[in-house]
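**Student:** mmCIF, C-alpha atoms and all ligand atoms, file coords_15.cif:
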data_data
loop_
_atom_site.label_atom_id
_atom_site.label_comp_id
_atom_site.auth_asym_id
_atom_site.auth_seq_id
_atom_site.Cartn_x
_atom_site.Cartn_y
_atom_site.Cartn_z
CA MET L 1 76.52 101.49 72.01
CA SER L 2 74.49 99.28 74.34
CA ASP L 3 75.94 97.56 77.42
CA GLU L 4 74.78 94.18 76.23
CA MET L 5 77.44 91.52 75.88
CA ASN L 6 77.81 89.36 72.81
CA ARG L 7 76.87 86.30 74.86
CA ASN L 8 74.55 83.37 74.37
CA GLU L 9 75.21 80.19 76.35
CA ASP L 10 73.81 78.02 73.55
CA LYS L 11 76.03 79.30 70.75
CA LYS L 12 78.31 76.80 69.03
CA VAL L 13 79.76 79.23 66.52
CA GLY L 14 80.99 82.69 67.40
CA THR L 15 81.37 85.71 65.18
CA ASN L 16 83.93 88.46 64.93
CA PRO L 17 84.32 91.00 66.42
CA ILE L 18 84.16 89.14 69.73
CA ILE L 19 82.98 92.12 71.74
CA THR L 20 80.15 94.19 70.29
CA SER L 21 79.03 96.21 73.33
CA ILE L 22 82.02 98.58 73.37
CA TYR L 23 85.03 99.32 71.21
CA THR L 24 88.02 97.23 72.30
CA ALA L 25 91.61 96.94 71.05
CA ASP L 26 95.02 95.46 71.84
CA PRO L 27 93.87 91.92 72.79
CA ALA L 28 95.98 90.04 75.35
CA PRO L 29 94.82 86.47 76.03
CA MET L 30 95.89 84.56 79.16
CA VAL L 31 94.96 80.91 79.71
CA PHE L 32 94.50 79.97 83.36
CA GLY L 33 92.92 76.65 84.28
CA ASP L 34 90.07 75.82 81.92
CA THR L 35 89.43 79.46 81.05
CA LEU L 36 90.84 81.90 78.54
CA TYR L 37 90.91 85.45 79.91
CA LEU L 38 91.08 88.22 77.34
CA TYR L 39 92.43 91.59 78.49
CA THR L 40 91.77 94.52 76.19
CA THR L 41 92.07 98.24 75.97
CA HIS L 42 88.91 100.30 75.55
CA ASP L 43 88.40 102.96 72.89
CA GLU L 44 85.92 105.49 74.27
CA ASP L 45 82.97 106.43 72.05
CA GLU L 46 83.66 110.16 72.55
CA LEU L 47 87.11 111.23 71.39
CA ILE L 48 89.19 113.97 72.98
CA ASN L 49 91.33 115.96 70.49
CA ASP L 50 90.52 113.40 67.79
CA PHE L 51 93.09 110.96 69.19
CA TYR L 52 93.16 107.64 71.09
CA THR L 53 90.87 108.21 74.07
CA MET L 54 91.53 105.33 76.43
CA PHE L 55 91.06 105.35 80.20
CA ASP L 56 90.64 101.76 81.38
CA TRP L 57 91.39 98.10 80.75
CA ARG L 58 88.71 95.44 80.38
CA CYS L 59 88.60 91.67 80.88
CA PHE L 60 86.41 89.07 79.20
CA SER L 61 86.57 85.31 79.67
CA THR L 62 85.47 82.18 77.88
CA LYS L 63 85.60 78.43 78.36
CA ASP L 64 84.72 77.59 74.74
CA MET L 65 85.88 80.54 72.56
CA VAL L 66 82.28 81.37 71.68
CA ASN L 67 80.40 82.32 74.85
CA TRP L 68 82.07 85.23 76.64
CA THR L 69 81.61 86.75 80.10
CA ASP L 70 82.21 90.47 80.54
CA HIS L 71 84.15 91.26 83.75
CA GLY L 72 84.03 95.00 83.14
CA VAL L 73 86.73 97.46 84.14
CA ILE L 74 89.53 95.63 85.94
CA PHE L 75 92.13 98.46 86.10
CA SER L 76 91.98 102.11 85.14
CA LEU L 77 93.96 105.35 85.07
CA ASP L 78 92.08 106.33 88.25
CA ASP L 79 93.94 103.48 90.00
CA ILE L 80 97.37 104.84 88.99
CA GLU L 81 98.07 108.03 90.91
CA TRP L 82 101.09 109.01 88.77
CA ALA L 83 99.41 108.51 85.37
CA ASP L 84 96.99 110.77 83.54
CA ASP L 85 96.29 109.36 80.05
CA ARG L 86 96.74 106.62 77.45
CA ALA L 87 95.62 103.34 78.98
CA TRP L 88 97.32 101.39 76.19
CA ALA L 89 98.09 97.78 75.30
CA PRO L 90 98.40 95.49 78.37
CA GLN L 91 99.38 91.89 79.05
CA ALA L 92 98.66 89.72 82.12
CA ILE L 93 100.41 86.72 83.64
CA GLU L 94 100.06 84.55 86.74
CA ARG L 95 102.91 83.68 89.09
CA ASN L 96 102.62 81.92 92.45
CA GLY L 97 98.90 82.59 92.74
CA LYS L 98 99.10 86.30 91.96
CA PHE L 99 98.17 88.02 88.70
CA TYR L 100 100.20 90.82 87.18
CA LEU L 101 98.87 93.22 84.57
CA TYR L 102 101.52 95.25 82.71
CA CYS L 103 100.17 98.45 81.16
CA PRO L 104 101.64 101.40 79.26
CA VAL L 105 100.44 104.78 80.48
CA HIS L 106 101.21 108.45 80.06
CA LYS L 107 102.81 109.95 83.17
CA LYS L 108 101.54 113.14 84.79
CA ASP L 109 105.05 114.58 84.42
CA GLY L 110 105.27 113.59 80.73
CA GLY L 111 106.32 110.62 78.62
CA MET L 112 105.17 107.01 78.56
CA ALA L 113 106.05 104.38 81.16
CA ILE L 114 105.00 100.85 82.06
CA ALA L 115 102.77 100.36 85.10
CA VAL L 116 102.01 97.06 86.77
CA GLY L 117 98.86 96.15 88.66
CA VAL L 118 98.69 93.18 91.04
CA SER L 119 95.65 91.11 91.97
CA ASP L 120 94.68 87.85 93.67
CA SER L 121 92.21 87.18 90.86
CA PRO L 122 92.55 87.15 87.06
CA THR L 123 89.56 89.46 86.89
CA GLY L 124 90.98 91.98 89.34
CA PRO L 125 90.64 94.47 90.78
CA PHE L 126 94.31 95.21 90.11
CA LYS L 127 96.30 97.47 92.46
CA ASP L 128 99.07 99.67 91.10
CA ILE L 129 102.51 99.20 92.71
CA GLY L 130 102.74 102.97 93.19
CA GLU L 131 105.48 103.81 90.68
CA PRO L 132 106.46 103.01 87.09
CA LEU L 133 108.09 99.62 86.58
CA VAL L 134 109.93 100.74 83.43
CA ASP L 135 110.54 104.44 82.92
CA GLU L 136 113.41 105.32 80.62
CA GLY L 137 112.29 108.90 80.23
CA ASP L 138 111.48 108.46 76.55
CA TRP L 139 108.42 107.48 74.52
CA ASN L 140 109.56 103.94 73.74
CA ASP L 141 108.05 102.46 76.92
CA ILE L 142 104.81 101.03 75.53
CA ASP L 143 103.25 97.67 74.72
CA PRO L 144 104.73 95.32 77.34
CA THR L 145 104.73 91.55 76.72
CA VAL L 146 105.64 89.18 79.54
CA PHE L 147 106.78 85.55 79.55
CA ILE L 148 108.22 83.23 82.21
CA ASP L 149 110.70 80.71 80.81
CA ASP L 150 111.07 77.12 82.02
CA ASP L 151 114.01 78.10 84.26
CA GLY L 152 111.83 80.65 86.06
CA GLN L 153 113.35 83.76 84.47
CA ALA L 154 110.66 86.24 83.50
CA TYR L 155 111.14 88.60 80.56
CA LEU L 156 109.32 91.83 79.83
CA TYR L 157 109.77 92.95 76.23
CA PHE L 158 108.26 96.24 75.03
CA GLY L 159 108.78 99.15 72.70
CA ASN L 160 108.04 101.44 69.78
CA PRO L 161 110.07 102.06 67.64
CA GLU L 162 112.72 99.85 69.27
CA LEU L 163 112.29 96.43 70.82
CA ARG L 164 113.78 96.30 74.31
CA TYR L 165 113.54 94.01 77.32
CA VAL L 166 114.21 93.80 81.05
CA LEU L 167 114.76 90.70 83.19
CA LEU L 168 111.97 90.71 85.75
CA ASN L 169 112.84 89.70 89.28
CA GLU L 170 110.86 86.86 90.84
CA ASP L 171 108.54 89.39 92.51
CA MET L 172 107.41 90.39 88.96
CA VAL L 173 107.20 94.05 90.02
CA SER L 174 110.89 94.97 89.72
CA TYR L 175 113.69 94.13 87.31
CA ASP L 176 117.39 93.39 87.33
CA LYS L 177 118.86 96.90 87.38
CA LYS L 178 122.40 95.59 86.84
CA VAL L 179 121.38 94.21 83.45
CA GLY L 180 119.12 97.21 82.93
CA VAL L 181 117.09 97.85 79.80
CA VAL L 182 118.53 95.79 76.93
CA LYS L 183 118.10 97.10 73.39
CA ILE L 184 117.56 94.48 70.70
CA PRO L 185 119.57 95.23 67.53
CA MET L 186 116.99 96.42 65.00
CA THR L 187 118.40 94.63 61.97
CA VAL L 188 116.88 93.61 58.66
CA GLU L 189 117.84 89.98 59.43
CA SER L 190 115.71 90.14 62.58
CA PHE L 191 112.72 92.17 61.40
CA ALA L 192 112.99 92.55 57.60
CA LYS L 193 113.29 95.81 55.67
CA GLY L 194 110.37 98.11 56.42
CA SER L 195 109.24 101.65 56.73
CA HIS L 196 109.22 102.23 60.49
CA MET L 197 111.73 104.52 62.16
CA THR L 198 114.43 101.85 62.49
CA GLY L 199 114.25 100.97 58.77
CA THR L 200 112.79 97.58 59.64
CA THR L 201 109.20 96.37 59.75
CA TYR L 202 109.19 96.22 63.57
CA GLY L 203 106.68 98.74 64.81
CA GLU L 204 105.14 97.99 68.19
CA GLY L 205 102.87 95.56 70.03
CA PRO L 206 105.34 92.70 70.61
CA TRP L 207 103.97 89.36 71.82
CA PHE L 208 106.65 87.05 73.26
CA TYR L 209 106.22 83.33 73.93
CA LYS L 210 107.85 79.93 73.53
CA ARG L 211 106.51 76.85 71.83
CA ASN L 212 108.39 73.58 71.28
CA ASN L 213 111.68 75.27 72.21
CA ILE L 214 111.24 78.02 69.64
CA TYR L 215 110.90 81.57 70.96
CA TYR L 216 108.46 83.72 69.01
CA MET L 217 108.23 87.49 68.75
CA VAL L 218 105.02 88.47 67.02
CA TYR L 219 104.55 92.20 66.42
CA ALA L 220 102.73 94.97 64.60
CA ALA L 221 104.78 95.82 61.51
CA PHE L 222 105.17 98.57 58.94
CA GLY L 223 105.66 97.32 55.39
CA GLU L 224 107.36 99.49 52.83
CA GLY L 225 104.91 101.93 51.28
CA LYS L 226 101.95 100.63 53.33
CA GLN L 227 99.47 102.84 55.17
CA CYS L 228 98.36 100.37 57.87
CA GLU L 229 100.14 97.96 60.18
CA HIS L 230 100.34 94.28 59.38
CA LEU L 231 101.38 91.51 61.79
CA ALA L 232 104.72 89.74 61.43
CA TYR L 233 106.86 87.38 63.46
CA SER L 234 110.46 86.53 64.20
CA THR L 235 111.92 83.51 66.00
CA SER L 236 114.97 82.66 68.06
CA THR L 237 116.53 79.71 69.83
CA SER L 238 117.20 81.97 72.83
CA PRO L 239 114.87 84.25 74.81
CA THR L 240 117.14 87.21 74.15
CA GLY L 241 117.76 86.65 70.44
CA PRO L 242 119.30 86.99 67.96
CA TRP L 243 115.91 87.18 66.26
CA VAL L 244 115.39 85.86 62.75
CA TYR L 245 112.58 87.28 60.64
CA GLY L 246 109.86 84.66 60.02
CA GLY L 247 107.29 86.33 57.77
CA VAL L 248 103.93 88.06 57.63
CA LEU L 249 101.36 86.70 60.06
CA MET L 250 98.42 88.85 58.96
CA THR L 251 98.29 91.32 56.10
CA GLU L 252 96.90 94.87 56.44
CA GLU L 253 93.36 93.58 56.66
CA GLY L 254 92.16 95.42 59.70
CA GLY L 255 90.92 98.51 57.88
CA VAL L 256 92.50 100.73 60.55
CA PHE L 257 96.02 102.08 61.00
CA THR L 258 96.97 99.80 63.91
CA ASN L 259 96.80 96.10 64.53
CA HIS L 260 97.97 94.28 67.64
CA PRO L 261 98.66 90.54 68.12
CA GLY L 262 97.90 88.24 71.05
CA ILE L 263 98.60 84.51 70.78
CA ALA L 264 97.30 81.63 72.89
CA ASP L 265 97.06 77.85 72.78
CA PHE L 266 93.76 76.81 74.35
CA LYS L 267 92.16 73.37 74.57
CA GLY L 268 94.27 71.98 71.73
CA HIS L 269 93.81 74.93 69.36
CA SER L 270 96.06 77.87 68.50
CA TYR L 271 94.56 81.34 68.27
CA LEU L 272 95.66 84.71 66.96
CA PHE L 273 93.81 87.66 68.48
CA TYR L 274 93.96 90.93 66.58
CA HIS L 275 91.89 94.08 66.12
CA THR L 276 90.08 95.73 63.23
CA GLY L 277 87.67 98.60 62.63
CA GLU L 278 84.77 96.32 61.81
CA LEU L 279 82.07 97.34 64.28
CA PRO L 280 79.57 99.94 63.11
CA GLY L 281 81.21 103.34 63.63
CA GLY L 282 84.62 101.68 63.49
CA SER L 283 87.64 103.91 62.87
CA LEU L 284 91.30 104.34 63.64
CA PHE L 285 90.26 105.23 67.19
CA HIS L 286 87.23 102.90 67.42
CA ARG L 287 88.62 99.39 67.07
CA SER L 288 87.26 95.94 67.85
CA VAL L 289 88.93 92.72 68.97
CA CYS L 290 88.73 89.59 66.79
CA VAL L 291 90.19 86.09 66.82
CA ALA L 292 91.25 83.51 64.22
CA GLU L 293 92.35 79.93 64.69
CA PHE L 294 95.66 79.02 63.03
CA HIS L 295 98.08 76.11 62.76
CA TYR L 296 101.84 75.77 63.10
CA ASN L 297 103.78 74.01 60.37
CA PRO L 298 105.88 71.01 61.51
CA ASP L 299 109.03 73.20 61.58
CA GLY L 300 107.30 75.77 63.79
CA SER L 301 106.79 78.33 61.04
CA ILE L 302 103.40 79.97 60.63
CA ASP L 303 101.65 80.73 57.37
CA THR L 304 99.83 84.01 56.94
CA VAL L 305 96.56 83.90 58.88
CA ALA L 306 93.41 85.11 57.15
CA LYS L 307 91.03 87.47 58.88
CA CYS L 308 88.14 85.33 59.98
CA SER L 309 84.42 85.87 60.48
CA HIS L 310 83.44 82.77 62.46
CA ILE L 311 84.98 80.73 65.25
CA ASN L 312 83.92 77.25 66.35
CA ALA L 313 83.27 76.33 69.98
CA VAL L 314 85.84 74.08 71.71
CA GLU L 315 85.35 71.73 74.63
O1 LIG P 1 95.91 101.18 71.49
C1 LIG P 1 96.91 102.15 71.69
C2 LIG P 1 98.16 101.76 70.95
O2 LIG P 1 97.84 101.56 69.58
C3 LIG P 1 98.78 100.47 71.40
O3 LIG P 1 99.56 100.59 72.55
C4 LIG P 1 99.51 100.08 70.17
O4 LIG P 1 99.94 98.74 70.16
C5 LIG P 1 98.48 100.39 69.10
O5 LIG P 1 97.52 99.36 69.00
#
Write the structure described by the file as structure tokens, please.
**Tutor:**
Amino acid sequence: MSDEMNRNEDKKVGTNPIITSIYTADPAPMVFGDTLYLYTTHDEDELINDFYTMFDWRCFSTKDMVNWTDHGVIFSLDDIEWADDRAWAPQAIERNGKFYLYCPVHKKDGGMAIAVGVSDSPTGPFKDIGEPLVDEGDWNDIDPTVFIDDDGQAYLYFGNPELRYVLLNEDMVSYDKKVGVVKIPMTVESFAKGSHMTGTTYGEGPWFYKRNNIYYMVYAAFGEGKQCEHLAYSTSTSPTGPWVYGGVLMTEEGGVFTNHPGIADFKGHSYLFYHTGELPGGSLFHRSVCVAEFHYNPDGSIDTVAKCSHINAVE
């Protein structure tokens, strides 16, 4: 693939996939000021052992949802001395002028853990804190999603096949060890009956946020008898649940086994980022990030969002 970015300052309508110069997955938008920053993973062209081959995290930004700037590699496995593989789905957040990028990685001594990189800029470079932030010694520690509530408490949810969370300390690079890692009850009421290991639809890729006093947990889900992930959501009146299943957010339209949600409100519009296998050469391990605008119903519920081919510029 060429290094050219899908960028044209005069465009008023954008097309999906957003990034056409490389394969990207696991979109994580972050709005800061008048800019939307989009953090992604990067599926390498050349696969090793016919599996996810992912070494670094990328950042792209836009002020209008159509014209994108490529900021290149902003964090990589080379920056994390204790990790050796699987630069998987990240999420970034700003607190007190610093930016924190939470990333699942495979440890040199085995198993997955969550790393955190810190930077003075949303576009990095990010510096690893030198040790795993969350490391339970099992394989559940992937796909972190971070949110700071109005009272200042920060939450880091994560997990496959179980949804778990920690209460981040104000420094954002440690968590309340007295509370520890809290396991969310994986019930049918919370996540609906499904075919993943817990018997519910909850699979992985949680995306946690609050809107109009409703807490949302959007996630990649496994429907009964389905081959590919769809996106679903649950809601709660509390940041720690109990969660109540809300419905399907996007059906299995991606054409690849995984999907991964990222949600953002930007300049008066609501967006769902997701990934598909739509670029030429696309496959399970060669994914591409897309976006669709959607609307909330007056009660906060969300109807199923259709995969979209075009996106209009915003001011
Ligand atoms: O991209 C690697 C993994 O696949 C992510 O961590 C999961 O969410 C799934 O998209």
**Student:** Counting all atoms listed in the file, which protein, DNA or RNA residues come within 7 Å of ligand LIG 1 (chain P), given as a VMD selection string?
**Tutor:** chain L and resid 25 to 26 41 52 88 to 89 142 to 143 204 to 205 258 to 260
**Student:** What is the atom CA of Ser61 of chain L to atom CA of Thr35 of chain L distance in Å?
**Tutor:**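 For atom CA of Ser61 of chain L relative to atom CA of Thr35 of chain L, the distance reads 6.7 Å.
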**Student:** Determine the nearest neighbour of Cys308 of chain L from the options L:Pro29, L:Asn16, L:Val218, L:Gln91, counting all atoms listed in the file.
**Tutor:** L:Asn16
**Student:** In Å to one decimal, how far is atom CA of Met250 of chain L from atom CA of Lys307 of chain L?
**Tutor:** 7.5 Å
**Student:** Of the candidates L:Ser121, L:Thr235, L:Thr69, L:Asn160, which shows the shortest atom-to-atom distance to Trp139 of chain L, using only C-alpha atoms?
**Tutor:** L:Asn160
**Student:** Nearest to Glu293 of chain L: which of L:Ile114, L:Met65, L:Ala28, L:Leu231 is it, counting all atoms listed in the file?
**Tutor:**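 Result for the nearest residue to Glu293 of chain L: L:Met65.
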**Student:** Give one line per residue of segment 44-162 of chain L that approaches segment 184-190 of chain L to at most 10 Å, naming the two atoms of the closest pair and their distance in Å to one decimal, counting only C-alpha atoms; sort by chain then ascending residue number and deliver it as JSON lines.
**Tutor:**
{"residue": "L:Tyr157", "atom": "CA", "partner": "L:Ile184", "partner_atom": "CA", "distance": 9.7}
{"residue": "L:Pro161", "atom": "CA", "partner": "L:Met186", "partner_atom": "CA", "distance": 9.3}
{"residue": "L:Glu162", "atom": "CA", "partner": "L:Met186", "partner_atom": "CA", "distance": 6.9}
**Student:** Can I get C-alpha atoms for segment 211-258 of chain L, as a PDB file, in the first residue's frame?
**Tutor:**
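Resulting contents of selection.pdb:
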ATOM      1  CA  ARG L 211     -24.318  11.168  28.106  1.00  0.00           C
ATOM      2  CA  ASN L 212     -27.231  13.026  29.727  1.00  0.00           C
ATOM      3  CA  ASN L 213     -26.694  11.101  32.979  1.00  0.00           C
ATOM      4  CA  ILE L 214     -26.914   7.725  31.262  1.00  0.00           C
ATOM      5  CA  TYR L 215     -23.799   5.553  31.347  1.00  0.00           C
ATOM      6  CA  TYR L 216     -23.209   3.573  28.167  1.00  0.00           C
ATOM      7  CA  MET L 217     -21.194   0.410  27.617  1.00  0.00           C
ATOM      8  CA  VAL L 218     -20.839  -0.268  23.912  1.00  0.00           C
ATOM      9  CA  TYR L 219     -19.022  -3.479  23.008  1.00  0.00           C
ATOM     10  CA  ALA L 220     -18.196  -6.093  20.398  1.00  0.00           C
ATOM     11  CA  ALA L 221     -20.731  -8.905  20.781  1.00  0.00           C
ATOM     12  CA  PHE L 222     -21.231 -12.524  19.813  1.00  0.00           C
ATOM     13  CA  GLY L 223     -24.769 -13.357  18.718  1.00  0.00           C
ATOM     14  CA  GLU L 224     -26.044 -16.897  18.955  1.00  0.00           C
ATOM     15  CA  GLY L 225     -24.987 -18.910  15.929  1.00  0.00           C
ATOM     16  CA  LYS L 226     -23.177 -15.969  14.288  1.00  0.00           C
ATOM     17  CA  GLN L 227     -19.697 -16.154  12.775  1.00  0.00           C
ATOM     18  CA  CYS L 228     -18.693 -12.482  13.152  1.00  0.00           C
ATOM     19  CA  GLU L 229     -18.930  -9.916  15.923  1.00  0.00           C
ATOM     20  CA  HIS L 230     -21.686  -7.335  15.965  1.00  0.00           C
ATOM     21  CA  LEU L 231     -21.801  -4.206  18.135  1.00  0.00           C
ATOM     22  CA  ALA L 232     -24.216  -3.925  21.055  1.00  0.00           C
ATOM     23  CA  TYR L 233     -24.753  -1.646  24.015  1.00  0.00           C
ATOM     24  CA  SER L 234     -25.913  -1.664  27.612  1.00  0.00           C
ATOM     25  CA  THR L 235     -26.767   1.245  29.896  1.00  0.00           C
ATOM     26  CA  SER L 236     -26.744   2.032  33.597  1.00  0.00           C
ATOM     27  CA  THR L 237     -27.624   4.847  35.960  1.00  0.00           C
ATOM     28  CA  SER L 238     -24.320   4.237  37.771  1.00  0.00           C
ATOM     29  CA  PRO L 239     -20.740   4.020  36.449  1.00  0.00           C
ATOM     30  CA  THR L 240     -20.339   0.586  38.000  1.00  0.00           C
ATOM     31  CA  GLY L 241     -23.649  -0.932  36.913  1.00  0.00           C
ATOM     32  CA  PRO L 242     -25.840  -2.873  37.149  1.00  0.00           C
ATOM     33  CA  TRP L 243     -25.854  -2.839  33.354  1.00  0.00           C
ATOM     34  CA  VAL L 244     -29.056  -3.297  31.390  1.00  0.00           C
ATOM     35  CA  TYR L 245     -28.881  -4.638  27.853  1.00  0.00           C
ATOM     36  CA  GLY L 246     -29.896  -1.974  25.308  1.00  0.00           C
ATOM     37  CA  GLY L 247     -29.769  -3.660  21.900  1.00  0.00           C
ATOM     38  CA  VAL L 248     -27.749  -4.145  18.745  1.00  0.00           C
ATOM     39  CA  LEU L 249     -25.820  -1.083  17.628  1.00  0.00           C
ATOM     40  CA  MET L 250     -24.423  -2.496  14.388  1.00  0.00           C
ATOM     41  CA  THR L 251     -25.123  -5.880  12.837  1.00  0.00           C
ATOM     42  CA  GLU L 252     -22.384  -8.209  11.533  1.00  0.00           C
ATOM     43  CA  GLU L 253     -21.742  -5.986   8.556  1.00  0.00           C
ATOM     44  CA  GLY L 254     -18.008  -5.667   8.745  1.00  0.00           C
ATOM     45  CA  GLY L 255     -17.202  -8.710   6.643  1.00  0.00           C
ATOM     46  CA  VAL L 256     -14.478  -9.718   9.115  1.00  0.00           C
ATOM     47  CA  PHE L 257     -14.581 -11.666  12.378  1.00  0.00           C
ATOM     48  CA  THR L 258     -14.013  -8.673  14.671  1.00  0.00           C
TER      49      THR L 258
END
